[in-house]
$ cat query_1.cif   # mmCIF, C-alpha atoms
data_query
#
loop_
_atom_site.group_PDB
_atom_site.id
_atom_site.type_symbol
_atom_site.label_atom_id
_atom_site.label_comp_id
_atom_site.auth_asym_id
_atom_site.auth_seq_id
_atom_site.Cartn_x
_atom_site.Cartn_y
_atom_site.Cartn_z
ATOM 1 C CA MET V 1 37.853 99.138 121.107
ATOM 2 C CA GLN V 2 38.688 96.406 123.598
ATOM 3 C CA GLY V 3 35.417 94.693 122.910
ATOM 4 C CA ARG V 4 36.153 94.629 119.200
ATOM 5 C CA ARG V 5 39.559 93.041 119.817
ATOM 6 C CA ARG V 6 38.028 90.354 122.000
ATOM 7 C CA ARG V 7 35.486 89.495 119.333
ATOM 8 C CA ASN V 8 38.186 89.195 116.633
ATOM 9 C CA CYS V 9 40.702 87.254 118.697
ATOM 10 C CA THR V 10 39.516 84.641 121.135
ATOM 11 C CA SER V 11 41.632 83.309 123.936
ATOM 12 C CA ARG V 12 42.253 80.089 121.991
ATOM 13 C CA GLU V 13 43.309 81.846 118.774
ATOM 14 C CA ALA V 14 45.732 84.319 120.401
ATOM 15 C CA PRO V 15 48.518 81.806 121.366
ATOM 16 C CA LEU V 16 48.326 80.237 117.914
ATOM 17 C CA ARG V 17 48.687 83.590 116.198
ATOM 18 C CA LEU V 18 51.612 84.558 118.412
ATOM 19 C CA CYS V 19 53.353 81.283 117.623
ATOM 20 C CA LEU V 20 52.867 81.721 113.872
ATOM 21 C CA LEU V 21 54.116 85.291 114.046
ATOM 22 C CA ARG V 22 57.266 84.230 115.902
ATOM 23 C CA CYS V 23 58.005 81.517 113.347
ATOM 24 C CA LEU V 24 57.473 83.925 110.473
ATOM 25 C CA ILE V 25 59.855 86.510 111.949
ATOM 26 C CA ARG V 26 62.533 83.921 112.643
ATOM 27 C CA SER V 27 62.303 82.379 109.191
ATOM 28 C CA TRP V 28 62.516 85.740 107.436
ATOM 29 C CA GLY V 29 65.210 87.169 109.691
ATOM 30 C CA THR V 30 67.751 84.420 110.233
ATOM 31 C CA ASN V 31 67.154 81.349 108.053
ATOM 32 C CA GLY V 32 68.343 82.509 104.626
ATOM 33 C CA GLN V 33 65.218 84.391 103.636
ATOM 34 C CA PRO V 34 65.242 87.822 101.954
ATOM 35 C CA HIS V 35 66.013 89.832 105.071
ATOM 36 C CA GLY V 36 69.013 87.667 105.935
ATOM 37 C CA ASP V 37 70.290 87.740 102.357
ATOM 38 C CA ARG V 38 69.998 91.509 102.215
ATOM 39 C CA ALA V 39 71.915 91.928 105.453
ATOM 40 C CA MET V 40 74.636 89.509 104.360
ATOM 41 C CA GLY V 41 75.024 91.198 100.969
ATOM 42 C CA LEU V 42 75.145 94.620 102.573
ATOM 43 C CA ARG V 43 77.819 93.522 105.031
ATOM 44 C CA HIS V 44 79.865 92.065 102.175
ATOM 45 C CA ARG V 45 79.646 95.292 100.179
ATOM 46 C CA MET V 46 80.487 97.344 103.259
ATOM 47 C CA ARG V 47 83.571 95.226 103.930
ATOM 48 C CA SER V 48 84.725 95.670 100.339
ATOM 49 C CA THR V 49 84.105 99.432 100.503
ATOM 50 C CA LYS V 50 86.037 99.742 103.746
ATOM 51 C CA CYS V 51 89.063 97.953 102.283
ATOM 52 C CA GLN V 52 89.031 100.164 99.203
ATOM 53 C CA LEU V 53 88.581 103.300 101.284
ATOM 54 C CA MET V 54 91.523 102.425 103.525
ATOM 55 C CA ALA V 55 93.753 101.928 100.477
ATOM 56 C CA ALA V 56 92.477 105.159 98.907
ATOM 57 C CA SER V 57 93.085 107.033 102.174
ATOM 58 C CA LEU V 58 96.706 105.897 102.198
ATOM 59 C CA CYS V 59 97.174 107.034 98.594
ATOM 60 C CA VAL V 60 95.506 110.389 99.285
ATOM 61 C CA MET V 61 97.741 110.853 102.323
ATOM 62 C CA LEU V 62 100.830 110.257 100.182
ATOM 63 C CA LEU V 63 99.517 112.630 97.516
ATOM 64 C CA GLY V 64 98.889 115.313 100.128
ATOM 65 C CA LEU V 65 102.434 114.951 101.426
ATOM 66 C CA SER V 66 103.756 115.073 97.857
ATOM 67 C CA ILE V 67 101.878 118.302 97.153
ATOM 68 C CA ALA V 68 103.186 119.794 100.394
ATOM 69 C CA THR V 69 106.751 118.818 99.467
ATOM 70 C CA LEU V 70 106.397 120.191 95.944
ATOM 71 C CA SER V 71 104.940 123.448 97.281
ATOM 72 C CA THR V 72 107.842 123.810 99.709
ATOM 73 C CA VAL V 73 110.374 123.181 96.937
ATOM 74 C CA THR V 74 108.608 125.726 94.744
ATOM 75 C CA ARG V 75 108.678 128.314 97.515
ATOM 76 C CA TYR V 76 112.125 127.731 99.025
ATOM 77 C CA GLY V 77 113.975 125.908 96.248
ATOM 78 C CA LEU V 78 117.255 127.506 95.237
ATOM 79 C CA ARG V 79 116.326 128.291 91.647
ATOM 80 C CA PHE V 80 112.821 129.567 92.374
ATOM 81 C CA SER V 81 113.887 131.629 95.379
ATOM 82 C CA THR V 82 116.810 133.136 93.449
ATOM 83 C CA ILE V 83 114.536 134.441 90.713
ATOM 84 C CA SER V 84 111.985 135.636 93.276
ATOM 85 C CA ASN V 85 114.621 137.566 95.232
ATOM 86 C CA VAL V 86 115.886 139.465 92.206
ATOM 87 C CA ALA V 87 112.452 140.104 90.650
ATOM 88 C CA LEU V 88 110.922 143.545 90.913
ATOM 89 C CA GLU V 89 108.033 144.209 93.252
ATOM 90 C CA SER V 90 105.728 144.769 90.286
ATOM 91 C CA SER V 91 106.774 141.525 88.597
ATOM 92 C CA SER V 92 104.024 138.962 87.984
ATOM 93 C CA TYR V 93 106.444 136.185 88.917
ATOM 94 C CA ARG V 94 106.351 137.103 92.594
ATOM 95 C CA ALA V 95 102.551 136.964 92.711
ATOM 96 C CA ILE V 96 102.485 133.589 90.961
ATOM 97 C CA HIS V 97 105.286 132.286 93.189
ATOM 98 C CA HIS V 98 103.564 133.155 96.478
ATOM 99 C CA THR V 99 100.086 132.115 95.291
ATOM 100 C CA ALA V 100 101.312 128.697 94.160
ATOM 101 C CA PHE V 101 102.866 128.051 97.563
ATOM 102 C CA TYR V 102 99.781 128.959 99.614
ATOM 103 C CA VAL V 103 97.379 127.113 97.315
ATOM 104 C CA GLY V 104 99.553 124.007 97.464
ATOM 105 C CA VAL V 105 99.744 124.102 101.258
ATOM 106 C CA CYS V 106 95.964 124.497 101.602
ATOM 107 C CA LEU V 107 95.293 121.634 99.191
ATOM 108 C CA SER V 108 97.769 119.342 100.925
ATOM 109 C CA MET V 109 96.275 120.036 104.364
ATOM 110 C CA THR V 110 92.759 119.383 103.058
ATOM 111 C CA LEU V 111 93.801 116.107 101.446
ATOM 112 C CA ILE V 112 95.636 114.907 104.551
ATOM 113 C CA LEU V 113 92.622 115.776 106.723
ATOM 114 C CA ALA V 114 90.280 113.950 104.338
ATOM 115 C CA ALA V 115 92.524 110.868 104.411
ATOM 116 C CA LEU V 116 92.693 110.816 108.212
ATOM 117 C CA LEU V 117 88.943 111.310 108.635
ATOM 118 C CA SER V 118 88.064 108.626 106.106
ATOM 119 C CA ALA V 119 90.429 106.148 107.775
ATOM 120 C CA VAL V 120 88.947 106.818 111.227
ATOM 121 C CA ALA V 121 85.404 106.701 109.812
ATOM 122 C CA THR V 122 86.173 103.334 108.214
ATOM 123 C CA VAL V 123 87.392 101.852 111.483
ATOM 124 C CA ARG V 124 84.621 103.281 113.668
ATOM 125 C CA GLU V 125 81.817 103.086 111.064
ATOM 126 C CA SER V 126 80.692 106.573 112.007
ATOM 127 C CA ARG V 127 78.233 108.359 109.736
ATOM 128 C CA CYS V 128 79.294 111.761 111.080
ATOM 129 C CA LEU V 129 82.990 111.200 110.346
ATOM 130 C CA THR V 130 82.153 109.717 106.943
ATOM 131 C CA ALA V 131 80.116 112.781 106.019
ATOM 132 C CA THR V 132 82.950 115.062 107.206
ATOM 133 C CA ALA V 133 85.480 113.105 105.137
ATOM 134 C CA PHE V 134 83.224 113.432 102.096
ATOM 135 C CA PHE V 135 83.042 117.196 102.673
ATOM 136 C CA CYS V 136 86.857 117.415 102.841
ATOM 137 C CA PHE V 137 87.189 115.421 99.616
ATOM 138 C CA ALA V 138 84.648 117.693 97.932
ATOM 139 C CA LEU V 139 86.478 120.791 99.219
ATOM 140 C CA ALA V 140 89.784 119.488 97.866
ATOM 141 C CA PHE V 141 88.109 118.692 94.540
ATOM 142 C CA CYS V 142 86.777 122.243 94.324
ATOM 143 C CA GLY V 143 90.328 123.526 94.813
ATOM 144 C CA LEU V 144 92.016 121.076 92.437
ATOM 145 C CA ILE V 145 89.750 121.752 89.461
ATOM 146 C CA PRO V 146 90.519 125.524 89.274
ATOM 147 C CA ALA V 147 94.225 124.792 89.786
ATOM 148 C CA ALA V 148 94.254 122.290 86.914
ATOM 149 C CA PHE V 149 92.190 124.644 84.752
ATOM 150 C CA TRP V 150 94.631 127.510 85.375
ATOM 151 C CA ARG V 151 97.575 125.225 84.658
ATOM 152 C CA TYR V 152 96.306 124.291 81.203
ATOM 153 C CA MET V 153 94.824 127.657 80.253
ATOM 154 C CA HIS V 154 97.930 129.624 81.371
ATOM 155 C CA SER V 155 100.572 127.015 80.650
ATOM 156 C CA THR V 156 103.204 129.535 79.526
ATOM 157 C CA GLU V 157 102.538 132.310 82.021
ATOM 158 C CA VAL V 158 104.928 130.965 84.667
ATOM 159 C CA GLU V 159 107.687 130.445 82.118
ATOM 160 C CA ASP V 160 107.166 133.867 80.547
ATOM 161 C CA SER V 161 107.263 135.622 83.915
ATOM 162 C CA MET V 162 110.538 133.932 84.898
ATOM 163 C CA LEU V 163 112.159 134.642 81.537
ATOM 164 C CA ASP V 164 111.021 138.262 81.718
ATOM 165 C CA VAL V 165 112.839 138.673 85.037
ATOM 166 C CA TYR V 166 116.084 137.449 83.486
ATOM 167 C CA ASP V 167 115.610 139.475 80.302
ATOM 168 C CA LEU V 168 115.072 142.737 82.155
ATOM 169 C CA MET V 169 118.064 142.171 84.386
ATOM 170 C CA TYR V 170 120.309 141.136 81.517
ATOM 171 C CA GLU V 171 119.392 144.164 79.416
ATOM 172 C CA GLU V 172 119.951 146.485 82.363
ATOM 173 C CA VAL V 173 123.416 145.071 82.965
ATOM 174 C CA ARG V 174 124.265 145.150 79.257
ATOM 175 C CA ARG V 175 123.309 148.808 78.943
ATOM 176 C CA ASN V 176 124.905 149.897 82.198
ATOM 177 C CA GLY V 177 128.105 148.056 83.016
ATOM 178 C CA SER V 178 128.286 149.568 86.498
ATOM 179 C CA SER V 179 124.798 148.507 87.440
ATOM 180 C CA SER V 180 124.231 147.206 90.976
ATOM 181 C CA ARG V 181 122.365 144.220 89.538
ATOM 182 C CA TRP V 182 125.562 142.809 88.090
ATOM 183 C CA HIS V 183 126.095 140.606 91.115
ATOM 184 C CA GLU V 184 122.483 139.357 91.017
ATOM 185 C CA LEU V 185 122.881 138.327 87.388
ATOM 186 C CA THR V 186 126.053 136.457 88.276
ATOM 187 C CA VAL V 187 124.187 134.582 91.008
ATOM 188 C CA ILE V 188 121.537 133.466 88.511
ATOM 189 C CA HIS V 189 124.282 132.169 86.221
ATOM 190 C CA GLU V 190 125.811 130.210 89.072
ATOM 191 C CA VAL V 191 122.494 128.695 90.115
ATOM 192 C CA PHE V 192 121.331 127.673 86.626
ATOM 193 C CA LEU V 193 124.858 126.804 85.403
ATOM 194 C CA CYS V 194 124.484 128.961 82.307
ATOM 195 C CA CYS V 195 125.759 132.222 80.918
ATOM 196 C CA GLY V 196 123.947 134.907 78.985
ATOM 197 C CA LYS V 197 121.559 134.384 76.129
ATOM 198 C CA HIS V 198 121.685 134.159 72.384
ATOM 199 C CA SER V 199 120.715 137.418 70.763
ATOM 200 C CA PRO V 200 119.942 137.854 67.054
ATOM 201 C CA LEU V 201 121.818 141.162 67.184
ATOM 202 C CA GLY V 202 125.001 139.462 68.316
ATOM 203 C CA ASP V 203 125.896 142.215 70.804
ATOM 204 C CA THR V 204 126.132 140.073 73.952
ATOM 205 C CA ALA V 205 129.712 138.880 73.576
ATOM 206 C CA ALA V 206 131.176 141.655 75.719
ATOM 207 C CA VAL V 207 128.773 141.025 78.569
ATOM 208 C CA GLU V 208 129.263 137.281 78.478
ATOM 209 C CA HIS V 209 133.026 137.713 78.390
ATOM 210 C CA ARG V 210 132.875 139.639 81.663
ATOM 211 C CA LEU V 211 130.264 137.419 83.289
ATOM 212 C CA CYS V 212 131.688 134.106 82.150
ATOM 213 C CA PRO V 213 135.496 134.006 82.260
ATOM 214 C CA PRO V 214 137.114 130.940 80.667
ATOM 215 C CA SER V 215 138.006 129.464 84.052
ATOM 216 C CA THR V 216 134.385 128.990 85.132
ATOM 217 C CA VAL V 217 132.218 125.939 84.535
ATOM 218 C CA TRP V 218 129.609 128.012 82.701
ATOM 219 C CA ALA V 219 131.956 128.973 79.872
ATOM 220 C CA ALA V 220 130.448 126.355 77.560
ATOM 221 C CA GLY V 221 128.010 128.946 76.210
ATOM 222 C CA ARG V 222 124.806 127.470 77.634
ATOM 223 C CA ASP V 223 121.875 129.790 77.008
ATOM 224 C CA CYS V 224 120.169 130.755 80.283
ATOM 225 C CA LEU V 225 116.779 131.129 78.609
ATOM 226 C CA GLN V 226 116.972 127.568 77.325
ATOM 227 C CA GLU V 227 118.104 126.289 80.721
ATOM 228 C CA MET V 228 115.185 127.999 82.464
ATOM 229 C CA HIS V 229 112.785 126.703 79.845
ATOM 230 C CA GLY V 230 113.961 123.110 80.300
ATOM 231 C CA PHE V 231 113.838 123.361 84.086
ATOM 232 C CA LEU V 232 110.308 124.796 84.153
ATOM 233 C CA LYS V 233 109.078 122.264 81.606
ATOM 234 C CA LYS V 234 110.105 119.376 83.858
ATOM 235 C CA HIS V 235 108.704 121.059 86.964
ATOM 236 C CA MET V 236 105.339 121.932 85.408
ATOM 237 C CA GLY V 237 105.092 118.431 83.932
ATOM 238 C CA LEU V 238 105.430 117.027 87.437
ATOM 239 C CA VAL V 239 102.771 119.458 88.678
ATOM 240 C CA SER V 240 100.349 118.411 85.926
ATOM 241 C CA THR V 241 100.851 114.711 86.637
ATOM 242 C CA LEU V 242 100.350 115.199 90.356
ATOM 243 C CA LEU V 243 97.200 117.252 89.803
ATOM 244 C CA GLY V 244 95.684 114.635 87.495
ATOM 245 C CA ILE V 245 96.364 111.728 89.863
ATOM 246 C CA THR V 246 95.086 113.691 92.858
ATOM 247 C CA ILE V 247 91.836 114.642 91.106
ATOM 248 C CA GLY V 248 91.224 110.981 90.256
ATOM 249 C CA PHE V 249 91.765 109.797 93.824
ATOM 250 C CA THR V 250 89.666 112.674 95.175
ATOM 251 C CA VAL V 251 86.682 111.632 93.048
ATOM 252 C CA TYR V 252 87.258 108.014 94.072
ATOM 253 C CA GLY V 253 87.304 109.043 97.737
ATOM 254 C CA MET V 254 84.026 110.947 97.372
ATOM 255 C CA VAL V 255 82.360 107.924 95.791
ATOM 256 C CA LEU V 256 83.632 105.543 98.491
ATOM 257 C CA THR V 257 82.722 107.799 101.427
ATOM 258 C CA SER V 258 79.210 108.391 100.083
ATOM 259 C CA PHE V 259 78.699 104.658 99.532
ATOM 260 C CA LEU V 260 80.036 103.883 103.010
ATOM 261 C CA TRP V 261 77.669 106.442 104.541
ATOM 262 C CA PHE V 262 74.644 104.830 102.893
ATOM 263 C CA SER V 263 75.908 101.353 103.802
ATOM 264 C CA ILE V 264 76.233 102.308 107.473
ATOM 265 C CA HIS V 265 72.821 103.956 107.402
ATOM 266 C CA PHE V 266 71.005 100.971 105.898
ATOM 267 C CA SER V 267 73.014 98.528 107.998
ATOM 268 C CA ASN V 268 71.763 100.237 111.153
ATOM 269 C CA ASN V 269 68.205 100.074 109.846
ATOM 270 C CA LEU V 270 68.521 96.386 109.025
ATOM 271 C CA GLY V 271 70.033 95.750 112.436
ATOM 272 C CA ARG V 272 66.909 97.114 114.049
ATOM 273 C CA LYS V 273 64.608 94.989 111.900
ATOM 274 C CA GLY V 274 63.465 91.691 113.328
ATOM 275 C CA LYS V 275 63.732 92.834 116.927
ATOM 276 C CA TYR V 276 60.141 92.605 118.107
ATOM 277 C CA THR V 277 58.657 92.227 121.536
ATOM 278 C CA LEU V 278 55.527 90.083 121.543
ATOM 279 C CA ARG V 279 53.428 90.153 124.634
ATOM 280 C CA GLY V 280 50.624 87.756 125.210
ATOM 281 C CA ARG V 281 47.289 88.975 126.464
#
$ encode --input "query_1.cif" --output "structure tokens"
Amino acid sequence: MQGRRRRNCTSREAPLRLCLLRCLIRSWGTNGQPHGDRAMGLRHRMRSTKCQLMAASLCVMLLGLSIATLSTVTRYGLRFSTISNVALESSSYRAIHHTAFYVGVCLSMTLILAALLSAVATVRESRCLTATAFFCFALAFCGLIPAAFWRYMHSTEVEDSMLDVYDLMYEEVRRNGSSSRWHELTVIHEVFLCCGKHSPLGDTAAVEHRLCPPSTVWAAGRDCLQEMHGFLKKHMGLVSTLLGITIGFTVYGMVLTSFLWFSIHFSNNLGRKGKYTLRGR
């Protein structure tokens, strides 16, 4: 093998070949040739991706905090908690109420974690943190899609369950004037600023006269079913808007983190190219 190399490369030809090889590497690596252009373009795209990812991380952080706030209001808000406290154990409203709170908290924590990891990965240019941030975005996306699907496929289930709680309580008080749930019905009227409901039979006047004396602020005859309907319509509209915006930013975050991961990977490979050690014989 050594003899073959000596026959192909004489002592006079070796320095000339080494010199030509050095010039070729320098010209292709640093003087505007394809390798230099590729590295410069990749750095430019990486810088643009990092700026977009930082902005998206801030938005996702705010969305996560918004979902956490909305979940807390849904769980401990005066109107929601009042209906939950008076609902029966077998009522579907209680199950929906507790499930919505825990799902919202889990989604908000996942989104906040994804935002923090993507911001740190952007600053440190770490492939491991970028991959973890992508996983958190994907996990949040997998939770947001079923939540949005349930919202649109069962759009009236929350409203129906809340109205059923009031209907059952109202009918129980109307049939039994000495019922222990009389006070609970009065509390609902105070919270929703309404009194009674409109019945096609017209037999609710006696109940409303006892529950809503003329001196109270609810004596204007506001239907409680209509008040609950209007309140839930606004609340669920806010939930739908928040879900749609969050899904969009989650997909955007997955795209940016995946692109940043590939940019860091190929940037490291390009950084190793052109570093050769040439030893003369």
$ residues_around --input "query_1.cif" --residues "Ala133 of chain V" --least-positions-apart "4" --cutoff "10 Å" --atoms "all atoms listed in the file" --output "list in words"
Thr110, Leu111, Leu113, Ala114, Ala115, Leu116, Leu117, Ser118, Ala119, Val120, Ala121, Arg127, Cys128, Leu129, Phe137, Ala138, Leu139, Gly253, Met254, Thr257 and Ser258 of chain V
$ atom_distance --input "query_1.cif" --atom1 "atom CA of Phe135 of chain V" --atom2 "atom CA of Ile264 of chain V"
17.1 Å
$ atom_distance --input "query_1.cif" --atom1 "atom CA of Val251 of chain V" --atom2 "atom CA of Leu238 of chain V"
20.3 Å
$ closest_residue --input "query_1.cif" --among "V:Gln226, V:Thr130, V:Ser161, V:Ser240" --to "Phe80 of chain V" --atoms "only C-alpha atoms"
V:Ser161
$ closest_residue --input "query_1.cif" --among "V:Leu107, V:Ala95, V:Cys51, V:Val165" --to "Thr69 of chain V" --atoms "only C-alpha atoms"
V:Leu107
$ resolve_selection --input "query_1.cif" --expression "the PyMOL selection byres ((chain V and resi 248) around 12)" --output "PyMOL selection string"
chain V and resi 56+59-60+63+137+140-141+144-145+241-247+249-255
